[in-house]
$ cat run_9.cif   # mmCIF, C-alpha atoms
data_target
loop_
_atom_site.label_atom_id
_atom_site.label_comp_id
_atom_site.auth_asym_id
_atom_site.auth_seq_id
_atom_site.Cartn_x
_atom_site.Cartn_y
_atom_site.Cartn_z
CA MET A 1002 5.51 3.29 4.13
CA GLU A 1003 6.60 6.77 3.06
CA LEU A 1004 3.85 8.28 0.93
CA PRO A 1005 3.80 11.62 -0.91
CA PRO A 1006 2.32 14.40 1.19
CA GLY A 1007 -1.45 14.65 1.01
CA ARG A 1008 -3.70 17.66 1.26
CA ARG A 1009 -7.36 18.53 1.04
CA VAL A 1010 -8.40 20.42 -2.08
CA ARG A 1011 -11.71 22.20 -2.48
CA LEU A 1012 -13.38 21.69 -5.84
CA PRO A 1013 -15.70 24.68 -6.31
CA GLY A 1014 -19.33 23.64 -6.26
CA ARG A 1015 -18.42 19.97 -5.87
CA GLY A 1016 -16.95 19.41 -2.42
CA THR A 1017 -13.56 18.72 -0.89
CA THR A 1018 -11.28 15.94 -2.03
CA TYR A 1019 -7.85 14.64 -1.03
CA VAL A 1020 -4.78 14.69 -3.27
CA ARG A 1021 -1.26 13.33 -3.08
CA GLU A 1022 1.24 15.02 -5.38
CA LEU A 1023 4.87 14.91 -6.48
CA ALA A 1024 6.19 17.77 -8.62
CA GLY A 1025 8.47 15.75 -10.92
CA PRO A 1026 11.03 17.39 -13.22
CA PRO A 1027 10.43 21.02 -14.25
CA GLY A 1028 7.94 21.20 -17.09
CA ALA A 1029 7.14 17.49 -16.94
CA PRO A 1030 3.79 16.24 -18.28
CA ALA A 1031 1.11 15.80 -15.64
CA LEU A 1032 -0.45 12.46 -14.77
CA VAL A 1033 -3.71 12.18 -12.83
CA LEU A 1034 -3.86 8.75 -11.18
CA LEU A 1035 -7.32 7.25 -10.65
CA HIS A 1036 -7.61 4.24 -8.36
CA GLY A 1037 -9.92 1.23 -8.38
CA LEU A 1038 -13.11 0.36 -6.53
CA GLY A 1039 -12.68 0.12 -2.77
CA ALA A 1040 -9.15 1.53 -2.85
CA THR A 1041 -7.66 4.98 -2.29
CA ALA A 1042 -4.89 6.86 -4.08
CA ALA A 1043 -2.35 5.62 -1.55
CA LEU A 1044 -3.51 1.99 -1.57
CA ASN A 1045 -3.58 1.69 -5.34
CA TRP A 1046 -0.45 3.64 -6.25
CA PHE A 1047 1.86 3.49 -3.21
CA ALA A 1048 4.64 1.74 -5.13
CA CYS A 1049 4.23 3.90 -8.24
CA PHE A 1050 4.65 7.43 -6.93
CA GLU A 1051 8.43 7.69 -6.81
CA PRO A 1052 9.22 5.87 -10.09
CA LEU A 1053 6.63 7.94 -11.98
CA SER A 1054 7.86 11.18 -10.42
CA GLU A 1055 11.26 10.70 -12.08
CA HIS A 1056 9.57 11.57 -15.38
CA PHE A 1057 6.22 13.23 -14.58
CA ARG A 1058 4.28 15.51 -12.33
CA VAL A 1059 2.17 12.99 -10.41
CA ILE A 1060 -1.24 13.81 -8.96
CA ALA A 1061 -3.33 11.10 -7.31
CA ILE A 1062 -6.85 11.78 -6.11
CA ASP A 1063 -9.07 9.90 -3.69
CA GLN A 1064 -12.10 9.48 -5.94
CA ARG A 1065 -15.52 10.51 -4.71
CA GLY A 1066 -17.01 8.10 -2.22
CA HIS A 1067 -13.58 6.64 -1.44
CA GLY A 1068 -11.06 7.48 1.24
CA ARG A 1069 -11.08 11.21 1.93
CA GLY A 1070 -12.62 12.06 -1.44
CA VAL A 1071 -15.75 14.06 -2.22
CA ARG A 1072 -18.80 12.55 -0.58
CA PRO A 1073 -21.63 12.10 -3.10
CA SER A 1074 -24.92 13.80 -2.34
CA LEU A 1075 -28.12 11.92 -1.60
CA THR A 1076 -28.58 11.53 -5.34
CA GLY A 1077 -25.81 8.92 -5.21
CA PHE A 1078 -22.55 8.08 -6.99
CA ARG A 1079 -22.14 8.59 -10.74
CA LEU A 1080 -19.04 7.81 -12.75
CA GLU A 1081 -19.73 10.96 -14.77
CA ASP A 1082 -19.45 13.04 -11.60
CA ALA A 1083 -16.14 11.36 -10.79
CA ALA A 1084 -14.90 12.30 -14.27
CA ASP A 1085 -16.00 15.90 -13.79
CA ASP A 1086 -14.15 15.95 -10.45
CA VAL A 1087 -10.95 15.27 -12.40
CA ALA A 1088 -11.55 18.25 -14.69
CA SER A 1089 -12.39 20.45 -11.71
CA LEU A 1090 -9.18 19.37 -9.98
CA ALA A 1091 -7.23 20.24 -13.12
CA ASP A 1092 -8.81 23.71 -13.09
CA THR A 1093 -7.93 24.17 -9.43
CA LEU A 1094 -4.33 23.06 -9.97
CA GLU A 1095 -4.11 25.10 -13.20
CA LEU A 1096 -3.36 22.12 -15.42
CA ALA A 1097 -4.02 22.94 -19.06
CA THR A 1098 -3.83 19.29 -20.09
CA PHE A 1099 -3.04 16.00 -18.37
CA VAL A 1100 -2.91 12.24 -18.94
CA CYS A 1101 -5.48 10.11 -17.13
CA VAL A 1102 -4.02 6.93 -15.63
CA GLY A 1103 -6.88 4.68 -14.57
CA TYR A 1104 -6.78 1.35 -12.76
CA SER A 1105 -9.87 -0.90 -12.76
CA MET A 1106 -12.75 1.51 -11.88
CA GLY A 1107 -10.35 4.33 -12.67
CA GLY A 1108 -10.45 3.14 -16.29
CA PRO A 1109 -14.11 4.05 -16.87
CA VAL A 1110 -13.59 7.34 -15.06
CA SER A 1111 -10.62 8.07 -17.35
CA GLN A 1112 -12.63 7.22 -20.45
CA LEU A 1113 -15.48 9.47 -19.32
CA ALA A 1114 -13.04 12.26 -18.46
CA TRP A 1115 -11.82 12.17 -22.07
CA ARG A 1116 -15.36 12.08 -23.47
CA ARG A 1117 -16.64 14.93 -21.32
CA HIS A 1118 -13.45 17.06 -21.41
CA PRO A 1119 -11.61 16.12 -24.61
CA ASP A 1120 -9.69 19.39 -24.71
CA ARG A 1121 -8.09 18.62 -21.34
CA VAL A 1122 -7.23 14.91 -21.55
CA ALA A 1123 -4.05 14.56 -23.60
CA GLY A 1124 -3.75 10.78 -23.26
CA LEU A 1125 -5.00 7.63 -21.56
CA VAL A 1126 -3.17 4.89 -19.68
CA LEU A 1127 -5.66 2.17 -18.79
CA CYS A 1128 -4.68 -0.67 -16.45
CA ALA A 1129 -6.60 -3.83 -15.50
CA THR A 1130 -9.77 -2.35 -16.92
CA ALA A 1131 -12.20 -2.52 -19.84
CA THR A 1132 -14.78 -0.66 -21.90
CA SER A 1133 -17.58 -2.61 -20.21
CA PHE A 1134 -18.01 -4.09 -16.74
CA ARG A 1135 -21.41 -5.60 -17.50
CA GLY A 1136 -21.98 -9.29 -16.85
CA PHE A 1137 -19.09 -9.91 -14.46
CA ARG A 1138 -19.65 -12.86 -12.14
CA ARG A 1139 -16.42 -13.12 -10.20
CA PRO A 1140 -15.57 -11.95 -6.66
CA ASP A 1141 -14.37 -8.38 -6.38
CA PHE A 1142 -10.89 -8.08 -4.89
CA ALA A 1143 -11.74 -5.19 -2.57
CA GLN A 1144 -15.28 -5.88 -1.40
CA ALA A 1145 -16.58 -9.38 -2.13
CA VAL A 1146 -19.95 -8.32 -0.79
CA LEU A 1147 -20.32 -5.84 -3.64
CA ALA A 1148 -20.01 -8.56 -6.26
CA ARG A 1149 -22.46 -10.79 -4.42
CA ALA A 1150 -24.95 -7.94 -4.41
CA VAL A 1151 -24.46 -7.44 -8.17
CA MET A 1152 -25.02 -11.15 -8.84
CA THR A 1153 -28.20 -11.33 -6.77
CA GLY A 1154 -29.63 -8.05 -8.03
CA GLY A 1155 -29.63 -6.62 -4.53
CA LEU A 1156 -27.13 -3.83 -5.02
CA ALA A 1157 -29.65 -1.00 -5.40
CA THR A 1158 -31.59 -2.14 -2.35
CA ALA A 1159 -28.42 -2.49 -0.30
CA ALA A 1160 -27.24 0.98 -1.31
CA VAL A 1161 -30.55 2.60 -0.35
CA ALA A 1162 -30.64 0.75 2.96
CA MET A 1163 -27.07 1.74 3.78
CA ARG A 1164 -27.88 5.39 3.01
CA MET A 1165 -30.49 5.26 5.77
CA VAL A 1166 -27.77 4.51 8.35
CA PRO A 1167 -26.33 7.75 9.81
CA THR A 1168 -22.96 8.69 8.30
CA ALA A 1169 -21.14 8.55 11.64
CA VAL A 1170 -22.47 5.05 12.27
CA ARG A 1171 -21.47 3.87 8.80
CA ARG A 1172 -17.93 5.14 9.28
CA GLN A 1173 -17.66 3.48 12.68
CA MET A 1174 -18.85 0.21 11.13
CA VAL A 1175 -16.11 0.44 8.53
CA ARG A 1176 -13.39 1.37 11.01
CA SER A 1177 -14.26 -1.53 13.31
CA GLY A 1178 -14.52 -4.08 10.53
CA VAL A 1179 -11.43 -2.94 8.64
CA ARG A 1180 -9.23 -2.84 11.71
CA ARG A 1181 -10.35 -6.30 12.80
CA ARG A 1182 -9.80 -7.85 9.36
CA GLY A 1183 -6.60 -5.87 8.82
CA ASN A 1184 -5.12 -7.20 12.03
CA GLU A 1185 -6.17 -10.74 11.11
CA ARG A 1186 -4.47 -10.44 7.72
CA GLY A 1187 -1.37 -8.65 8.95
CA MET A 1188 -2.02 -5.49 6.94
CA PRO A 1189 0.31 -2.57 7.71
CA PRO A 1190 -1.27 0.13 9.88
CA TRP A 1191 -1.16 2.80 7.13
CA ALA A 1192 -3.18 0.56 4.78
CA VAL A 1193 -5.75 -0.18 7.48
CA ASP A 1194 -6.08 3.53 8.13
CA GLU A 1195 -6.64 4.22 4.42
CA LEU A 1196 -9.41 1.62 4.17
CA ALA A 1197 -11.03 2.91 7.32
CA HIS A 1198 -11.92 6.18 5.57
CA ASN A 1199 -14.20 4.45 3.05
CA ASP A 1200 -17.97 4.82 3.27
CA PRO A 1201 -19.84 1.54 2.60
CA ALA A 1202 -22.88 3.32 1.14
CA CYS A 1203 -20.69 5.10 -1.40
CA LEU A 1204 -18.87 1.87 -2.28
CA LEU A 1205 -22.16 0.09 -2.96
CA GLU A 1206 -23.29 2.92 -5.20
CA ALA A 1207 -19.94 2.97 -7.01
CA ALA A 1208 -20.13 -0.78 -7.59
CA ARG A 1209 -23.61 -0.40 -9.02
CA ALA A 1210 -22.47 2.38 -11.37
CA LEU A 1211 -19.46 0.33 -12.47
CA ALA A 1212 -21.61 -2.73 -13.20
CA GLN A 1213 -23.70 -0.61 -15.59
CA PHE A 1214 -20.81 1.07 -17.41
CA SER A 1215 -20.08 0.59 -21.09
CA SER A 1216 -18.14 2.79 -23.50
CA THR A 1217 -18.18 0.36 -26.40
CA ARG A 1218 -20.35 2.62 -28.57
CA TRP A 1219 -18.02 5.63 -28.40
CA ILE A 1220 -14.55 4.62 -27.26
CA ALA A 1221 -13.28 4.46 -30.89
CA GLU A 1222 -13.74 8.23 -31.02
CA ALA A 1223 -10.94 8.69 -28.47
CA ARG A 1224 -8.20 9.78 -30.87
CA VAL A 1225 -5.56 10.50 -28.24
CA PRO A 1226 -2.37 8.58 -27.45
CA ALA A 1227 -3.25 5.60 -25.27
CA CYS A 1228 -1.64 2.55 -23.76
CA VAL A 1229 -3.41 -0.42 -22.18
CA VAL A 1230 -1.58 -2.32 -19.44
CA VAL A 1231 -3.11 -5.80 -19.70
CA THR A 1232 -3.04 -7.86 -16.52
CA SER A 1233 -2.91 -11.22 -18.29
CA ARG A 1234 -3.74 -13.35 -15.23
CA ASP A 1235 -6.59 -11.13 -14.09
CA ASN A 1236 -9.30 -12.92 -12.09
CA LEU A 1237 -11.77 -10.03 -12.29
CA VAL A 1238 -11.45 -8.17 -15.61
CA PRO A 1239 -10.95 -10.79 -18.34
CA PRO A 1240 -7.75 -10.17 -20.30
CA SER A 1241 -9.78 -10.64 -23.48
CA ARG A 1242 -11.80 -7.54 -22.61
CA GLN A 1243 -8.64 -5.58 -21.86
CA ARG A 1244 -7.14 -6.53 -25.23
CA ALA A 1245 -10.40 -5.70 -26.99
CA MET A 1246 -10.25 -2.23 -25.46
CA ALA A 1247 -6.72 -1.76 -26.79
CA ALA A 1248 -7.92 -2.81 -30.24
CA ALA A 1249 -10.86 -0.40 -30.10
CA LEU A 1250 -8.75 2.64 -29.23
CA PRO A 1251 -7.44 4.03 -32.53
CA MET A 1252 -4.11 5.31 -31.15
CA ALA A 1253 -3.41 2.64 -28.52
CA THR A 1254 -0.57 0.25 -27.85
CA SER A 1255 -0.55 -2.38 -25.11
CA ILE A 1256 1.84 -3.90 -22.60
CA GLU A 1257 1.22 -7.30 -21.03
CA VAL A 1258 1.91 -7.91 -17.34
CA ALA A 1259 1.74 -11.50 -16.09
CA GLY A 1260 -0.17 -10.57 -12.94
CA ASP A 1261 -3.66 -10.71 -11.49
CA HIS A 1262 -6.06 -7.87 -10.73
CA VAL A 1263 -4.15 -6.68 -7.67
CA VAL A 1264 -0.66 -6.91 -9.14
CA CYS A 1265 -0.17 -3.17 -8.55
CA GLY A 1266 0.00 -3.91 -4.82
CA THR A 1267 1.07 -7.53 -4.56
CA ASN A 1268 3.88 -7.46 -7.13
CA PRO A 1269 4.89 -3.85 -7.82
CA GLY A 1270 8.26 -5.01 -9.10
CA LEU A 1271 6.39 -6.52 -12.04
CA PHE A 1272 3.75 -3.84 -12.50
CA VAL A 1273 5.55 -0.54 -11.96
CA PRO A 1274 8.10 -0.80 -14.82
CA ALA A 1275 5.24 -1.55 -17.23
CA LEU A 1276 3.27 1.41 -15.93
CA VAL A 1277 6.22 3.78 -16.32
CA GLN A 1278 6.81 2.51 -19.85
CA ALA A 1279 3.13 2.98 -20.72
CA CYS A 1280 3.10 6.55 -19.43
CA ARG A 1281 6.28 7.39 -21.33
CA ARG A 1282 4.81 6.00 -24.53
CA VAL A 1283 1.69 8.10 -24.19
CA THR A 1284 3.60 11.29 -23.45
CA SER A 1285 6.29 10.58 -26.07
CA THR A 1286 9.10 10.92 -23.54
CA GLY A 1287 10.63 7.60 -24.46
CA GLY A 1288 9.97 3.93 -23.86
#
$ encode --input "run_9.cif" --output "structure tokens"
Amino acid sequence: MELPPGRRVRLPGRGTTYVRELAGPPGAPALVLLHGLGATAALNWFACFEPLSEHFRVIAIDQRGHGRGVRPSLTGFRLEDAADDVASLADTLELATFVCVGYSMGGPVSQLAWRRHPDRVAGLVLCATATSFRGFRRPDFAQAVLARAVMTGGLATAAVAMRMVPTAVRRQMVRSGVRRRGNERGMPPWAVDELAHNDPACLLEAARALAQFSSTRWIAEARVPACVVVTSRDNLVPPSRQRAMAAALPMATSIEVAGDHVVCGTNPGLFVPALVQACRRVTSTGG
């Protein structure tokens, strides 16, 4: 797998993150790609980079607590902090405005980025996501253990307990487990390596934050161009919630993709054209 070059970027006062970037055509609108829970920029968007870069400047960040992203402090993971990381990255890269493209957990982060930095977020492309993740009772595609913890009410306890394990030990636990399961499932080495950078304590905290998220009271205030890519066979985020989000956004259109929650990786031939069309709609470059 040939991925865009990655580099570490220091976000002043926040930590160091990891970014993959393609310049796109001169003067092209900028997209900031925000991945889902348990993924990384490369894992979520590997098939999307090149097609998007034909029309846009493409910037994909490993979100805090994931991959090589900013490691949350002992105060834990907050979606609001992840949204502020996006604005800080835009400052560092000297982006006046940008479009947030959020997948699953990246959807709430995108919504919060608009709410907290409305002068910077010029549009929203929201894929396989919703305005509320409360009440979900289905297995999570990336970390089934996270969903079980949510269902049993043990997520906070698990997160605190995992924080007590030294960081080096946690990372070794992940590397060993991911490599064993990756080999069993025939995952390509680059994908195994990406997953091996995750921190289980951060993932637990991110899952807890996601399970408490709701933007239903304020999302109608988001008067920016938006497009919702509805994964109509989604086994995690009900398509009805995705369509309700599209209806709640005053300037939104929607595109239906007949795929499940991981269609971005399992069937990119189906997902990527819809994503490109959604981004072009939002930026008024066609489609």
$ closest_residue --input "run_9.cif" --among "A:Asn1045, A:Ala1212, A:Ile1256, A:Arg1116" --to "Val1277 of chain A" --atoms "all atoms listed in the file"
A:Ile1256
$ residues_around --input "run_9.cif" --residues "Tyr1019 of chain A" --least-positions-apart "5" --cutoff "10 Å" --atoms "all atoms listed in the file" --output "ChimeraX atom specification"
/A:1007-1011,1041-1042,1061-1065,1067-1071
$ resolve_selection --input "run_9.cif" --expression "the PyMOL selection byres ((chain A and resi 1129-1138) around 6)" --output "list in words"
Tyr1104, Ser1105, Gly1108, Cys1128, Arg1139, Ala1212, Gln1213, Phe1214, Ser1215, Ser1216, Thr1217, Val1231, Thr1232, Arg1242, Gln1243 and Met1246 of chain A
$ write_last_selection --input "run_9.cif" --atoms "C-alpha atoms" --output "mmCIF file, in the coordinates of the input"
data_model
loop_
_atom_site.group_PDB
_atom_site.id
_atom_site.type_symbol
_atom_site.label_atom_id
_atom_site.label_comp_id
_atom_site.auth_asym_id
_atom_site.auth_seq_id
_atom_site.Cartn_x
_atom_site.Cartn_y
_atom_site.Cartn_z
ATOM 1 C CA TYR A 1104 -6.780 1.350 -12.760
ATOM 2 C CA SER A 1105 -9.870 -0.900 -12.760
ATOM 3 C CA GLY A 1108 -10.450 3.140 -16.290
ATOM 4 C CA CYS A 1128 -4.680 -0.670 -16.450
ATOM 5 C CA ARG A 1139 -16.420 -13.120 -10.200
ATOM 6 C CA ALA A 1212 -21.610 -2.730 -13.200
ATOM 7 C CA GLN A 1213 -23.700 -0.610 -15.590
ATOM 8 C CA PHE A 1214 -20.810 1.070 -17.410
ATOM 9 C CA SER A 1215 -20.080 0.590 -21.090
ATOM 10 C CA SER A 1216 -18.140 2.790 -23.500
ATOM 11 C CA THR A 1217 -18.180 0.360 -26.400
ATOM 12 C CA VAL A 1231 -3.110 -5.800 -19.700
ATOM 13 C CA THR A 1232 -3.040 -7.860 -16.520
ATOM 14 C CA ARG A 1242 -11.800 -7.540 -22.610
ATOM 15 C CA GLN A 1243 -8.640 -5.580 -21.860
ATOM 16 C CA MET A 1246 -10.250 -2.230 -25.460
#
$ closest_residue --input "run_9.cif" --among "A:Pro1005, A:Pro1052, A:Gly1016, A:Gly1107" --to "Pro1274 of chain A" --atoms "all atoms listed in the file"
A:Pro1052
$ atom_distance --input "run_9.cif" --atom1 "atom CA of Glu1206 of chain A" --atom2 "atom CA of Leu1044 of chain A"
20.1 Å
$ decode --input "run_9.cif" --residues "segment 1031-1065 of chain A" --atoms "N, CA and C atoms" --output "CSV table (one decimal), in the first residue's frame"
chain,number,residue,atom,x,y,z
A,1031,ALA,N,-9.2,23.1,0.9
A,1031,ALA,CA,-8.5,22.1,1.8
A,1031,ALA,C,-9.6,21.3,2.6
A,1032,LEU,N,-9.3,20.0,2.6
A,1032,LEU,CA,-10.1,19.1,3.4
A,1032,LEU,C,-9.3,18.6,4.5
A,1033,VAL,N,-9.9,18.5,5.7
A,1033,VAL,CA,-9.2,17.9,6.9
A,1033,VAL,C,-10.0,16.6,7.2
A,1034,LEU,N,-9.4,15.4,7.0
A,1034,LEU,CA,-10.0,14.1,7.1
A,1034,LEU,C,-9.9,13.7,8.6
A,1035,LEU,N,-11.0,13.3,9.2
A,1035,LEU,CA,-11.0,12.8,10.6
A,1035,LEU,C,-11.6,11.4,10.6
A,1036,HIS,N,-10.8,10.5,11.1
A,1036,HIS,CA,-11.1,9.1,11.1
A,1036,HIS,C,-12.0,8.7,12.2
A,1037,GLY,N,-12.4,7.4,12.2
A,1037,GLY,CA,-13.3,6.8,13.2
A,1037,GLY,C,-12.6,6.3,14.4
A,1038,LEU,N,-13.4,5.8,15.4
A,1038,LEU,CA,-12.8,5.2,16.6
A,1038,LEU,C,-12.0,4.0,16.3
A,1039,GLY,N,-10.8,3.9,16.9
A,1039,GLY,CA,-10.0,2.7,16.8
A,1039,GLY,C,-9.2,2.7,15.5
A,1040,ALA,N,-9.4,3.7,14.6
A,1040,ALA,CA,-8.7,3.7,13.3
A,1040,ALA,C,-7.6,4.7,13.4
A,1041,THR,N,-6.9,4.9,12.3
A,1041,THR,CA,-5.9,6.0,12.1
A,1041,THR,C,-6.3,6.7,10.8
A,1042,ALA,N,-5.6,7.8,10.4
A,1042,ALA,CA,-5.8,8.4,9.2
A,1042,ALA,C,-5.6,7.4,8.0
A,1043,ALA,N,-4.5,6.7,8.1
A,1043,ALA,CA,-4.2,5.8,7.0
A,1043,ALA,C,-5.2,4.6,6.9
A,1044,LEU,N,-5.6,4.1,8.0
A,1044,LEU,CA,-6.6,3.0,8.0
A,1044,LEU,C,-7.9,3.4,7.5
A,1045,ASN,N,-8.4,4.5,7.9
A,1045,ASN,CA,-9.7,5.0,7.5
A,1045,ASN,C,-9.8,5.5,6.0
A,1046,TRP,N,-8.7,6.2,5.6
A,1046,TRP,CA,-8.8,6.9,4.3
A,1046,TRP,C,-7.8,6.4,3.2
A,1047,PHE,N,-7.2,5.2,3.4
A,1047,PHE,CA,-6.2,4.8,2.5
A,1047,PHE,C,-6.6,4.8,1.0
A,1048,ALA,N,-7.8,4.5,0.8
A,1048,ALA,CA,-8.3,4.4,-0.6
A,1048,ALA,C,-8.8,5.8,-1.1
A,1049,CYS,N,-8.9,6.7,-0.2
A,1049,CYS,CA,-9.5,8.0,-0.6
A,1049,CYS,C,-8.5,9.1,-1.0
A,1050,PHE,N,-7.3,8.9,-0.5
A,1050,PHE,CA,-6.3,10.0,-0.7
A,1050,PHE,C,-6.1,10.5,-2.1
A,1051,GLU,N,-5.8,9.5,-3.0
A,1051,GLU,CA,-5.5,9.9,-4.4
A,1051,GLU,C,-6.7,10.5,-5.1
A,1052,PRO,N,-7.9,9.8,-5.0
A,1052,PRO,CA,-9.0,10.4,-5.7
A,1052,PRO,C,-9.4,11.8,-5.2
A,1053,LEU,N,-9.3,12.0,-3.9
A,1053,LEU,CA,-9.6,13.4,-3.4
A,1053,LEU,C,-8.6,14.4,-3.8
A,1054,SER,N,-7.3,14.0,-3.9
A,1054,SER,CA,-6.3,14.9,-4.2
A,1054,SER,C,-6.3,15.4,-5.7
A,1055,GLU,N,-7.2,14.8,-6.5
A,1055,GLU,CA,-7.4,15.3,-7.9
A,1055,GLU,C,-8.1,16.7,-7.8
A,1056,HIS,N,-8.8,16.9,-6.7
A,1056,HIS,CA,-9.7,18.1,-6.6
A,1056,HIS,C,-9.3,19.0,-5.4
A,1057,PHE,N,-8.7,18.5,-4.4
A,1057,PHE,CA,-8.5,19.2,-3.1
A,1057,PHE,C,-7.1,19.0,-2.6
A,1058,ARG,N,-6.8,20.0,-1.7
A,1058,ARG,CA,-5.7,19.7,-0.8
A,1058,ARG,C,-6.2,18.8,0.3
A,1059,VAL,N,-5.5,17.7,0.6
A,1059,VAL,CA,-6.0,16.7,1.5
A,1059,VAL,C,-5.1,16.6,2.7
A,1060,ILE,N,-5.6,16.7,3.9
A,1060,ILE,CA,-4.9,16.7,5.1
A,1060,ILE,C,-5.6,15.7,6.0
A,1061,ALA,N,-4.9,14.6,6.4
A,1061,ALA,CA,-5.5,13.6,7.3
A,1061,ALA,C,-4.7,13.5,8.6
A,1062,ILE,N,-5.4,13.6,9.7
A,1062,ILE,CA,-4.7,13.7,11.0
A,1062,ILE,C,-5.0,12.4,11.8
A,1063,ASP,N,-4.0,11.9,12.4
A,1063,ASP,CA,-4.3,10.9,13.5
A,1063,ASP,C,-4.8,11.6,14.7
A,1064,GLN,N,-6.1,11.3,15.0
A,1064,GLN,CA,-6.7,12.1,16.1
A,1064,GLN,C,-6.1,11.7,17.4
A,1065,ARG,N,-6.2,12.6,18.4
A,1065,ARG,CA,-5.6,12.3,19.7
A,1065,ARG,C,-6.1,11.0,20.3
